[in-house]
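Engineer: So here's run-v2.txt (compact mmCIF, C-alpha atoms).
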# COMPACT_ATOMS: atom_id res chain seq x y z
CA MET A 16 1.29 34.86 -9.45
CA PRO A 17 2.12 31.78 -11.59
CA VAL A 18 2.93 28.48 -9.89
CA SER A 19 6.57 27.40 -10.27
CA LYS A 20 7.54 23.97 -11.69
CA LYS A 21 8.80 23.00 -8.23
CA GLN A 22 5.42 23.92 -6.70
CA GLU A 23 3.59 22.00 -9.44
CA LYS A 24 5.71 18.92 -8.67
CA THR A 25 4.95 19.27 -4.95
CA PHE A 26 1.19 19.57 -5.60
CA LEU A 27 1.37 16.52 -7.90
CA GLU A 28 3.17 14.44 -5.26
CA HIS A 29 0.56 15.40 -2.67
CA GLU A 30 -2.25 14.43 -5.05
CA TYR A 31 -0.65 11.04 -5.64
CA ILE A 32 -0.25 10.51 -1.88
CA ASP A 33 -3.87 11.54 -1.31
CA LEU A 34 -5.03 9.14 -4.04
CA ILE A 35 -3.08 6.21 -2.56
CA SER A 36 -4.15 7.05 1.01
CA ARG A 37 -7.83 7.09 0.02
CA LYS A 38 -7.50 3.72 -1.68
CA VAL A 39 -5.63 2.22 1.30
CA THR A 40 -8.24 3.50 3.75
CA GLU A 41 -11.14 2.27 1.60
CA ILE A 42 -9.69 -1.24 1.30
CA ALA A 43 -8.76 -1.34 4.99
CA TYR A 44 -12.20 -0.44 6.29
CA SER A 45 -13.93 -2.77 3.82
CA HIS A 46 -11.97 -5.68 5.38
CA GLY A 47 -12.53 -4.67 9.00
CA TYR A 48 -9.09 -3.13 9.69
CA LYS A 49 -8.77 -0.25 12.15
CA LYS A 50 -6.26 2.58 11.87
CA LEU A 51 -3.37 2.68 14.36
CA LEU A 52 -1.83 6.11 14.86
CA LEU A 53 1.92 5.59 15.12
CA ASP A 54 3.92 7.22 17.87
CA THR A 55 6.39 9.82 16.57
CA ILE A 56 9.27 9.49 19.05
CA TYR A 57 10.80 6.28 20.42
CA LYS A 58 13.41 5.50 23.05
CA THR A 59 16.50 3.95 21.50
CA SER A 60 16.98 1.68 24.52
CA LYS A 61 13.69 -0.07 23.72
CA PHE A 62 15.14 -1.36 20.44
CA LYS A 63 18.54 -2.58 21.64
CA LYS A 64 17.32 -6.19 21.78
CA VAL A 65 16.02 -6.03 18.20
CA LYS A 66 18.10 -8.10 15.80
CA ASN A 67 19.89 -6.07 13.09
CA PHE A 68 18.52 -2.77 14.41
CA ASP A 69 20.29 -0.15 12.26
CA ASN A 70 21.34 2.81 14.41
CA SER A 71 23.16 4.50 11.51
CA SER A 72 19.95 5.60 9.78
CA LEU A 73 18.30 7.08 12.89
CA VAL A 74 17.48 10.75 13.19
CA SER A 75 18.18 10.86 16.91
CA PHE A 76 18.55 13.31 19.78
CA ASP A 77 19.23 13.26 23.52
CA PHE A 78 16.49 14.08 25.99
CA ALA A 79 16.44 13.56 29.77
CA LYS A 80 19.53 11.31 29.64
CA GLU A 81 17.77 9.03 27.16
CA LYS A 82 18.61 8.64 23.49
CA ASN A 83 15.48 9.13 21.38
CA PHE A 84 14.75 8.99 17.67
CA ILE A 85 12.02 9.94 15.23
CA LYS A 86 10.27 6.98 13.58
CA ASN A 87 12.23 5.60 10.65
CA ASN A 88 10.75 2.16 9.98
CA GLY A 89 7.15 1.11 9.35
CA ILE A 90 7.14 -2.35 10.94
CA LEU A 91 9.27 -1.39 13.96
CA SER A 92 7.16 1.72 14.53
CA PHE A 93 3.98 -0.34 14.26
CA LEU A 94 5.18 -2.94 16.77
CA SER A 95 6.39 -0.34 19.25
CA SER A 96 3.20 1.75 18.96
CA PHE A 97 1.04 -1.36 19.20
CA SER A 98 2.81 -2.63 22.34
CA SER A 99 2.41 0.77 24.03
CA GLN A 100 -1.20 1.45 22.96
CA ILE A 101 -2.73 -2.05 23.00
CA LYS A 102 -0.86 -3.81 25.79
CA ASP A 103 -3.02 -6.81 26.64
CA PHE A 104 -5.77 -8.71 24.87
CA PRO A 105 -6.93 -12.36 25.01
CA ASP A 106 -5.07 -14.89 22.84
CA SER A 107 -8.40 -15.86 21.27
CA GLU A 108 -8.86 -12.35 19.82
CA ILE A 109 -7.35 -10.96 16.63
CA GLN A 110 -6.34 -7.32 16.11
CA LYS A 111 -6.55 -6.15 12.46
CA LEU A 112 -4.78 -2.81 12.05
CA PHE A 113 -3.31 -0.55 9.39
CA TYR A 114 -1.17 2.58 9.42
CA ILE A 115 -0.22 5.43 7.09
CA GLY A 116 2.79 7.43 8.19
CA LYS A 117 5.71 9.67 7.40
CA PHE A 118 9.19 8.51 8.38
CA VAL A 119 12.67 10.02 8.37
CA GLU A 120 16.11 8.50 8.02
CA SER A 121 19.66 9.77 8.03
CA VAL A 122 21.51 8.93 4.81
CA GLU A 123 24.89 9.73 3.31
CA ASN A 124 25.06 11.55 -0.03
CA SER A 125 27.79 11.11 -2.67
CA SER A 126 30.17 13.36 -0.73
CA LYS A 127 29.67 11.31 2.50
CA ALA A 128 27.73 14.15 4.11
CA LYS A 129 24.68 13.24 6.20
CA LYS A 130 21.26 14.43 5.12
CA ILE A 131 17.70 13.79 6.28
CA ASN A 132 15.49 11.79 3.94
CA GLU A 133 11.72 11.88 4.44
CA PHE A 134 9.47 9.13 3.07
CA SER A 135 5.96 7.76 3.47
CA ASN A 136 4.85 4.16 4.03
CA PHE A 137 1.62 2.34 4.70
CA GLY A 138 1.14 -1.10 6.14
CA PHE A 139 -1.39 -3.68 7.30
CA SER A 140 -0.81 -6.03 10.22
CA VAL A 141 -2.71 -8.72 12.10
CA VAL A 142 -1.86 -9.65 15.68
CA GLY A 143 -3.24 -12.74 17.41
CA ASN A 144 -4.10 -16.35 16.68
CA PHE A 145 -4.55 -16.03 12.90
CA ASP A 146 -4.29 -18.77 10.25
CA HIS A 147 -3.44 -19.14 6.54
CA VAL A 148 -6.57 -17.23 5.48
CA THR A 149 -5.14 -14.10 7.10
CA ASP A 150 -1.95 -14.38 5.01
CA VAL A 151 -4.03 -14.73 1.87
CA GLU A 152 -6.27 -11.79 2.82
CA LEU A 153 -3.24 -9.54 3.35
CA ILE A 154 -1.71 -10.54 0.01
CA GLN A 155 -5.06 -10.06 -1.72
CA MET A 156 -5.59 -6.59 -0.17
CA ALA A 157 -2.16 -5.31 -1.19
CA HIS A 158 -2.65 -6.72 -4.68
CA GLU A 159 -6.10 -5.09 -4.87
CA ILE A 160 -4.73 -1.69 -3.82
CA LEU A 161 -2.00 -1.79 -6.48
CA THR A 162 -4.21 -3.08 -9.30
CA ASP A 163 -6.98 -0.59 -8.44
CA LEU A 164 -4.37 2.14 -8.85
CA GLY A 165 -3.70 0.76 -12.34
CA LEU A 166 -0.44 -1.09 -11.73
CA GLU A 167 0.44 -4.55 -13.03
CA CYS A 168 1.47 -6.43 -9.91
CA LYS A 169 2.98 -9.85 -9.30
CA VAL A 170 3.36 -11.40 -5.86
CA ARG A 171 6.38 -13.54 -5.05
CA VAL A 172 5.59 -15.95 -2.21
CA ASN A 173 7.58 -18.48 -0.16
CA ILE A 174 6.89 -20.52 2.96
CA THR A 175 10.06 -20.73 5.05
CA GLY A 176 8.57 -22.75 7.89
CA CYS A 177 8.91 -22.68 11.65
CA VAL A 178 12.07 -21.94 13.66
CA ASP A 179 13.18 -25.58 13.47
CA CYS A 180 12.57 -25.73 9.71
CA ILE A 181 14.60 -22.63 8.98
CA LYS A 182 17.39 -23.71 11.33
CA ASN A 183 17.58 -27.12 9.67
CA TYR A 184 17.55 -25.65 6.17
CA LYS A 185 20.23 -23.10 7.05
CA LYS A 186 22.60 -25.95 7.92
CA ILE A 187 21.69 -27.90 4.76
CA LEU A 188 22.23 -24.84 2.56
CA SER A 189 25.49 -23.94 4.31
CA ASP A 190 26.81 -27.51 3.88
CA TYR A 191 26.00 -27.38 0.16
CA LEU A 192 27.60 -23.95 -0.35
CA ARG A 193 30.79 -25.05 1.42
CA THR A 194 31.31 -27.64 -1.32
CA LYS A 195 31.07 -24.81 -3.91
CA LYS A 196 32.93 -22.14 -1.94
CA GLY A 197 35.79 -21.86 -4.41
CA ALA A 198 33.42 -20.91 -7.24
CA LEU A 199 31.52 -18.27 -5.26
CA CYS A 200 32.28 -14.55 -5.36
CA SER A 201 34.36 -13.19 -2.45
CA THR A 202 31.33 -11.73 -0.63
CA CYS A 203 29.29 -14.95 -0.84
CA ALA A 204 32.32 -17.06 0.18
CA LYS A 205 32.48 -15.06 3.42
CA ASN A 206 28.74 -15.58 4.04
CA VAL A 207 28.65 -19.36 3.50
CA ILE A 208 28.55 -20.05 7.25
CA LYS A 209 27.65 -16.66 8.73
CA ASN A 210 24.66 -15.83 6.49
CA PRO A 211 24.08 -18.42 3.74
CA PHE A 212 20.62 -16.98 2.93
CA SER A 213 22.26 -13.81 1.59
CA VAL A 214 23.95 -15.93 -1.10
CA LEU A 215 20.51 -16.71 -2.56
CA ASN A 216 20.12 -13.02 -3.46
CA CYS A 217 23.51 -12.62 -5.16
CA THR A 218 23.35 -11.42 -8.80
CA ASN A 219 26.84 -12.63 -9.70
CA LYS A 220 26.56 -15.02 -12.69
CA ALA A 221 28.91 -17.60 -11.19
CA CYS A 222 26.94 -17.57 -7.92
CA GLN A 223 23.63 -17.78 -9.82
CA LYS A 224 24.70 -21.07 -11.43
CA ILE A 225 25.45 -22.54 -7.99
CA ILE A 226 22.20 -21.18 -6.52
CA MET A 227 20.19 -22.84 -9.33
CA GLU A 228 21.27 -26.26 -8.06
CA ALA A 229 20.99 -25.44 -4.34
CA PRO A 230 18.59 -27.47 -2.14
CA LEU A 231 15.19 -25.81 -1.70
CA ILE A 232 13.56 -25.07 1.63
CA VAL A 233 10.20 -26.35 0.34
CA ASP A 234 11.72 -29.84 0.30
CA HIS A 235 12.78 -29.58 3.95
CA LEU A 236 9.64 -28.35 5.70
CA CYS A 237 8.12 -30.29 8.56
CA GLU A 238 4.66 -31.79 8.00
CA SER A 239 2.84 -28.95 9.74
CA CYS A 240 4.65 -26.22 7.78
CA ASN A 241 4.23 -28.11 4.53
CA ASN A 242 0.47 -28.34 5.12
CA TYR A 243 0.38 -24.61 5.91
CA SER A 244 2.23 -23.91 2.67
CA LEU A 245 -0.28 -25.92 0.65
CA SER A 246 -3.20 -24.15 2.36
CA VAL A 247 -1.82 -20.70 1.43
CA VAL A 248 -1.11 -21.44 -2.25
CA GLU A 249 -4.35 -23.38 -2.77
CA PHE A 250 -6.35 -20.49 -1.31
CA LEU A 251 -4.52 -18.00 -3.58
CA ASP A 252 -5.39 -20.22 -6.54
CA ASP A 253 -9.04 -20.40 -5.54
CA ILE A 254 -9.47 -16.61 -5.33
CA ASN A 255 -7.46 -15.96 -8.52
CA VAL A 256 -4.65 -13.88 -7.02
CA PRO A 257 -1.65 -14.17 -9.39
CA TYR A 258 1.51 -15.24 -7.60
CA ILE A 259 4.90 -16.80 -8.23
CA LEU A 260 6.08 -19.46 -5.79
CA ASP A 261 9.70 -18.45 -5.23
CA PRO A 262 11.51 -21.12 -3.13
CA LYS A 263 14.65 -18.96 -2.93
CA LEU A 264 12.81 -16.01 -1.39
CA ILE A 265 14.23 -15.95 2.15
CA ASP A 266 14.81 -12.89 4.33
CA SER A 267 18.57 -12.80 4.98
CA GLU A 268 18.04 -10.02 7.56
CA GLY A 269 15.85 -12.25 9.69
CA ILE A 270 12.84 -9.92 9.91
CA TYR A 271 10.31 -12.23 8.25
CA ASN A 272 9.79 -15.84 9.26
CA SER A 273 7.42 -18.68 8.30
CA VAL A 274 5.79 -16.78 5.39
CA ILE A 275 7.41 -14.14 3.20
CA TYR A 276 6.17 -12.34 0.09
CA LYS A 277 7.24 -9.42 -2.08
CA PHE A 278 5.22 -7.18 -4.40
CA GLU A 279 6.75 -6.73 -7.82
CA ILE A 280 5.74 -4.17 -10.45
CA ILE A 281 6.58 -4.98 -14.08
CA ASN A 282 7.16 -2.21 -16.65
CA ASN A 283 8.90 -2.61 -20.04
CA ASN A 284 10.65 -5.81 -18.96
CA ASP A 285 11.94 -4.06 -15.83
CA SER A 286 10.80 -5.22 -12.40
CA TYR A 287 10.62 -3.21 -9.19
CA ILE A 288 10.05 -4.46 -5.64
CA ILE A 289 7.85 -1.87 -3.94
CA GLY A 290 7.14 -3.62 -0.66
CA GLU A 291 7.17 -6.87 1.24
CA GLY A 292 5.42 -8.77 3.97
CA GLY A 293 5.14 -11.98 5.93
CA HIS A 294 5.24 -13.19 9.51
CA PHE A 295 7.43 -11.26 11.96
CA THR A 296 6.53 -12.91 15.26
CA GLU A 297 10.17 -13.24 16.39
CA LEU A 298 10.81 -9.56 15.74
CA ALA A 299 7.65 -8.71 17.69
CA SER A 300 8.76 -10.74 20.70
CA SER A 301 11.92 -8.65 20.98
CA LEU A 302 9.63 -5.62 21.43
CA SER A 303 7.53 -7.28 24.16
CA CYS A 304 4.67 -8.24 21.82
CA ASN A 305 4.03 -11.86 22.79
CA HIS A 306 1.58 -12.69 20.02
CA LYS A 307 1.78 -14.00 16.46
CA VAL A 308 2.15 -11.09 14.03
CA CYS A 309 1.98 -10.84 10.26
CA GLY A 310 1.58 -8.06 7.76
CA PHE A 311 3.13 -6.02 4.97
CA ASP A 312 4.70 -2.60 4.44
CA LEU A 313 4.63 -0.64 1.14
CA ASN A 314 6.43 2.56 0.13
CA PHE A 315 4.51 5.54 -1.29
CA GLU A 316 7.45 6.94 -3.26
CA GLN A 317 8.07 3.65 -5.07
CA ILE A 318 4.38 3.35 -5.98
CA ILE A 319 4.30 6.96 -7.23
CA LYS A 320 7.33 6.34 -9.46
CA ARG A 321 5.60 3.36 -11.02
CA LEU A 322 2.34 5.32 -11.51
CA LYS A 323 4.34 7.94 -13.38
CA ASP A 324 6.01 5.22 -15.47
CA TYR A 325 2.57 4.02 -16.53
CA ASN A 326 1.34 7.61 -17.10
CA ILE A 327 -1.66 6.83 -14.94
CA PRO A 328 -3.86 9.94 -14.43
CA ILE A 329 -4.78 11.08 -10.95
CA ASN A 330 -8.50 10.85 -10.28
CA ILE A 331 -8.83 11.74 -6.63
CA TYR A 332 -12.62 11.84 -6.71
CA ASN A 333 -15.04 10.16 -9.12
CA PRO A 334 -18.48 11.65 -8.46
CA ASP A 335 -21.71 10.34 -9.93
CA VAL A 336 -22.96 13.89 -10.53
CA TYR A 337 -21.03 16.99 -11.60
CA ILE A 338 -22.87 20.30 -11.11
CA ALA A 339 -21.80 23.11 -13.47
CA GLN A 340 -22.78 26.77 -13.16
CA ILE A 341 -22.73 29.88 -15.35
CA GLY A 342 -23.25 33.25 -13.70
CA GLU A 343 -23.64 34.74 -10.23
CA MET A 344 -27.25 33.68 -9.59
CA ALA A 345 -26.49 30.13 -10.72
CA ARG A 346 -23.66 29.84 -8.21
CA LYS A 347 -26.07 30.23 -5.32
CA GLU A 348 -28.51 27.71 -6.79
CA VAL A 349 -25.88 25.00 -7.46
CA ILE A 350 -24.53 25.23 -3.92
CA LEU A 351 -28.05 24.59 -2.57
CA LEU A 352 -28.48 21.69 -5.03
CA PHE A 353 -25.10 20.31 -4.01
CA LYS A 354 -26.18 20.22 -0.35
CA GLU A 355 -29.50 18.52 -1.20
CA LEU A 356 -27.88 15.77 -3.28
CA ARG A 357 -25.23 15.15 -0.62
CA GLN A 358 -27.97 14.72 1.99
CA GLN A 359 -29.56 12.09 -0.26
CA GLY A 360 -26.30 10.12 -0.26
CA ILE A 361 -25.35 10.93 -3.87
CA SER A 362 -21.68 11.52 -4.63
CA VAL A 363 -21.51 14.96 -6.20
CA TYR A 364 -18.90 17.53 -7.21
CA ILE A 365 -19.09 21.28 -7.67
CA ASN A 366 -16.59 23.88 -8.86
CA ALA A 367 -18.20 27.19 -7.90
CA THR A 368 -15.09 29.24 -8.74
CA GLU A 369 -14.74 28.21 -12.42
CA LYS A 370 -16.52 30.63 -14.80
CA LYS A 371 -16.00 28.81 -18.13
CA LEU A 372 -18.49 26.05 -18.96
CA MET A 373 -16.16 24.18 -21.34
CA LYS A 374 -13.58 23.77 -18.57
CA GLN A 375 -16.26 22.38 -16.27
CA ILE A 376 -17.38 19.91 -18.95
CA ALA A 377 -13.78 18.77 -19.48
CA GLU A 378 -13.33 18.37 -15.74
CA ALA A 379 -16.53 16.29 -15.44
CA LYS A 380 -15.28 13.93 -18.19
CA ALA A 381 -11.84 13.64 -16.58
CA MET A 382 -13.48 12.74 -13.26
CA LYS A 383 -15.65 10.13 -15.05
CA ALA A 384 -18.88 11.56 -13.68
CA LYS A 385 -22.04 9.81 -14.91
CA ILE A 386 -24.33 12.84 -15.09
CA MET A 387 -23.72 16.56 -15.43
CA VAL A 388 -26.22 19.17 -14.25
CA ILE A 389 -25.84 22.62 -15.86
CA ILE A 390 -27.50 25.72 -14.43
CA GLY A 391 -27.10 29.20 -15.97
CA GLN A 392 -28.88 32.54 -15.89
CA GLU A 393 -31.54 31.38 -18.37
CA GLU A 394 -32.24 28.25 -16.32
CA ILE A 395 -32.61 30.34 -13.18
CA GLN A 396 -35.22 32.53 -14.87
CA ASN A 397 -37.13 29.52 -16.26
CA LYS A 398 -36.71 27.47 -13.09
CA THR A 399 -35.13 24.64 -15.06
CA ALA A 400 -31.81 22.79 -15.30
CA ILE A 401 -29.99 20.93 -18.04
CA ILE A 402 -29.11 17.27 -17.43
CA ARG A 403 -26.29 16.07 -19.66
CA ASP A 404 -25.24 12.42 -20.03
CA ILE A 405 -21.43 12.37 -19.93
CA SER A 406 -21.13 9.17 -22.00
CA ASP A 407 -23.06 10.35 -25.09
CA ASN A 408 -23.37 14.15 -24.50
CA VAL A 409 -27.17 13.94 -24.88
CA GLN A 410 -28.85 16.60 -22.75
CA GLU A 411 -32.38 17.47 -21.69
CA VAL A 412 -34.08 20.40 -19.97
CA ILE A 413 -35.78 19.40 -16.71
CA ASN A 414 -38.14 21.39 -14.47
CA PHE A 415 -36.29 22.31 -11.29
CA ASN A 416 -39.00 20.80 -9.06
CA LYS A 417 -38.42 17.38 -10.69
CA LEU A 418 -34.62 17.63 -10.84
CA ASN A 419 -33.70 15.61 -7.73
CA LYS A 420 -35.99 12.69 -8.65
CA GLU A 421 -34.75 12.73 -12.27
CA ILE A 422 -31.09 12.61 -11.18
CA TYR A 423 -31.78 9.71 -8.83
CA LYS A 424 -33.78 7.82 -11.50
CA ARG A 425 -31.02 8.21 -14.11
CA LEU A 426 -28.32 7.05 -11.73
CA ILE A 427 -30.37 3.94 -10.86
CA ASP A 428 -30.88 3.24 -14.58
CA LYS A 429 -27.13 3.50 -15.20
CA ILE A 430 -26.38 1.07 -12.38
CA PHE A 431 -28.78 -1.53 -13.86
CA ILE A 432 -27.45 -0.99 -17.41
CA ASN A 433 -23.81 -1.42 -16.28
CA ASN A 434 -24.66 -4.60 -14.38
Once more with this new file: its structure as structure tokens, please.
Structural biologist:
Amino acid sequence: MPVSKKQEKTFLEHEYIDLISRKVTEIAYSHGYKKLLLDTIYKTSKFKKVKNFDNSSLVSFDFAKEKNFIKNNGILSFLSSFSSQIKDFPDSEIQKLFYIGKFVESVENSSKAKKINEFSNFGFSVVGNFDHVTDVELIQMAHEILTDLGLECKVRVNITGCVDCIKNYKKILSDYLRTKKGALCSTCAKNVIKNPFSVLNCTNKACQKIIMEAPLIVDHLCESCNNYSLSVVEFLDDINVPYILDPKLIDSEGIYNSVIYKFEIINNNDSYIIGEGGHFTELASSLSCNHKVCGFDLNFEQIIKRLKDYNIPINIYNPDVYIAQIGEMARKEVILLFKELRQQGISVYINATEKKLMKQIAEAKAMKAKIMVIIGQEEIQNKTAIIRDISDNVQEVINFNKLNKEIYKRLIDKIFINN
């Protein structure tokens, strides 16, 4: 039965998610991060103290006289799960964690009817007495994940300072905007006192002219925050992570404090924000997490859209050796060879169900395998195998008893040649 276009699209989405998840996990473990399994259901009452907690998007239900909801936010879910699973640890310690999860939200469609939207996010967070190096490491890891996937990524960074710095700047900005209130759009005019930071994000041309001349928070940081800012940007320079220092990047919703950054993907002069991060210690304290917290949260669906924009192929697995087979007897032999090579620590791939050699050769090239081993009926009879170099298509017949050593030798040679 042929696969429908809808089924093909579903399989493709799953392959993209698998590709991204593998990359996230690889980067996480290589930097010493441990995976936190997020709780699925949360009590609504636990979040009532959280600033700007949006009840309208919750997929909620009543149970035992308590309003509950299914997770709908990466950072909030992380903080709640962390506070319930890792309750106490010394201030001197640092917890480095990451998560990959599915979330649901209730949204209105064009006809105002409610529907359930499912999406996937991943995030990295550090809890404890961290310093500027942690911020840089988080930015570098997210940038590495995106560039390894083949995306052109820019990082917008701003240091917004401590509670006193942001409070002081809010007053300075509000005082400035009040002198320009008559030239602002109606929405920004209303936010001059209530939420002046939201004005910085307005796309109205008249507002943009006023924003261009607005005082910058970087000029109003205390000495400690200014030194922290310099430490972050200097470190980013030293490790060659491309960034844009954006002094107008301030979280108007109040989730991120002290440090904030956004990940921007550029394609054909269009830019897309696919995730953000920073410090969210104040948010954590409202969920009974009395430690410094920083991290970032990225959206799978946004990344997948950008991968499709770039027409980036999906290579879930890139083995060093691809084993091809022709015929029933060869199938048995290649499965045994597959097991032997795996036990030696060699990354290897086998497709025992495919009967056409040309398809297997095409698959090996698509997977960027270094070496291809071909075994057919004739090779079984002669107790030999064909080793084919994927890069130049040169092949050689090898005695089966020497096959494992020859594969290992050729892989070592390729490593030295490439380096």
Engineer: Find the spatial neighbours of A:Phe134, counting only C-alpha atoms, within a cut-off of 9 Å - ignore same-chain residues fewer than 3 positions away - and output them as a list in words.
Structural biologist: Asn87, Gly116, Lys117, Phe118, Val119, Glu120, Asn314, Phe315 and Glu316 of chain A
Engineer: If you count all atoms listed in the file, which residues fall within 12 Å of A:Val363, apart from same-chain ones fewer than 2 positions away, as an mmCIF file with C-alpha atoms, in the coordinates of the input?
Structural biologist:
data_model
loop_
_atom_site.group_PDB
_atom_site.id
_atom_site.type_symbol
_atom_site.label_atom_id
_atom_site.label_comp_id
_atom_site.auth_asym_id
_atom_site.auth_seq_id
_atom_site.Cartn_x
_atom_site.Cartn_y
_atom_site.Cartn_z
ATOM 1 C CA TYR A 332 -12.620 11.840 -6.710
ATOM 2 C CA ASN A 333 -15.040 10.160 -9.120
ATOM 3 C CA PRO A 334 -18.480 11.650 -8.460
ATOM 4 C CA ASP A 335 -21.710 10.340 -9.930
ATOM 5 C CA VAL A 336 -22.960 13.890 -10.530
ATOM 6 C CA TYR A 337 -21.030 16.990 -11.600
ATOM 7 C CA ILE A 338 -22.870 20.300 -11.110
ATOM 8 C CA ALA A 339 -21.800 23.110 -13.470
ATOM 9 C CA VAL A 349 -25.880 25.000 -7.460
ATOM 10 C CA ILE A 350 -24.530 25.230 -3.920
ATOM 11 C CA LEU A 352 -28.480 21.690 -5.030
ATOM 12 C CA PHE A 353 -25.100 20.310 -4.010
ATOM 13 C CA LYS A 354 -26.180 20.220 -0.350
ATOM 14 C CA GLU A 355 -29.500 18.520 -1.200
ATOM 15 C CA LEU A 356 -27.880 15.770 -3.280
ATOM 16 C CA ARG A 357 -25.230 15.150 -0.620
ATOM 17 C CA GLN A 358 -27.970 14.720 1.990
ATOM 18 C CA GLN A 359 -29.560 12.090 -0.260
ATOM 19 C CA GLY A 360 -26.300 10.120 -0.260
ATOM 20 C CA ILE A 361 -25.350 10.930 -3.870
ATOM 21 C CA ILE A 365 -19.090 21.280 -7.670
ATOM 22 C CA ASN A 366 -16.590 23.880 -8.860
ATOM 23 C CA ALA A 379 -16.530 16.290 -15.440
ATOM 24 C CA MET A 382 -13.480 12.740 -13.260
ATOM 25 C CA LYS A 383 -15.650 10.130 -15.050
ATOM 26 C CA ALA A 384 -18.880 11.560 -13.680
ATOM 27 C CA LYS A 385 -22.040 9.810 -14.910
ATOM 28 C CA ILE A 386 -24.330 12.840 -15.090
ATOM 29 C CA MET A 387 -23.720 16.560 -15.430
ATOM 30 C CA VAL A 388 -26.220 19.170 -14.250
ATOM 31 C CA ILE A 422 -31.090 12.610 -11.180
ATOM 32 C CA TYR A 423 -31.780 9.710 -8.830
ATOM 33 C CA LEU A 426 -28.320 7.050 -11.730
#
Engineer: Between atom CA of A:Ser273 and atom CA of A:Ser244, what is the spacing in Å?
Structural biologist: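 Calculated distance between atom CA of A:Ser244 and atom CA of A:Ser273 is 9.3 Å.
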Engineer: For a quick check of understanding, using all atoms listed in the file, which of A:Lys102, A:Lys371, A:Lys82, A:Lys111 has the smallest distance to A:Gly47?
Structural biologist: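 Among A:Lys102, A:Lys371, A:Lys82, A:Lys111, it is A:Lys111 that comes nearest to A:Gly47.
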Engineer: A:Ala221, A:Ile181, A:Ala204, A:Leu192: which is nearest A:Asp234, counting all atoms listed in the file?
Structural biologist: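 Result for the nearest residue to A:Asp234: A:Ile181.
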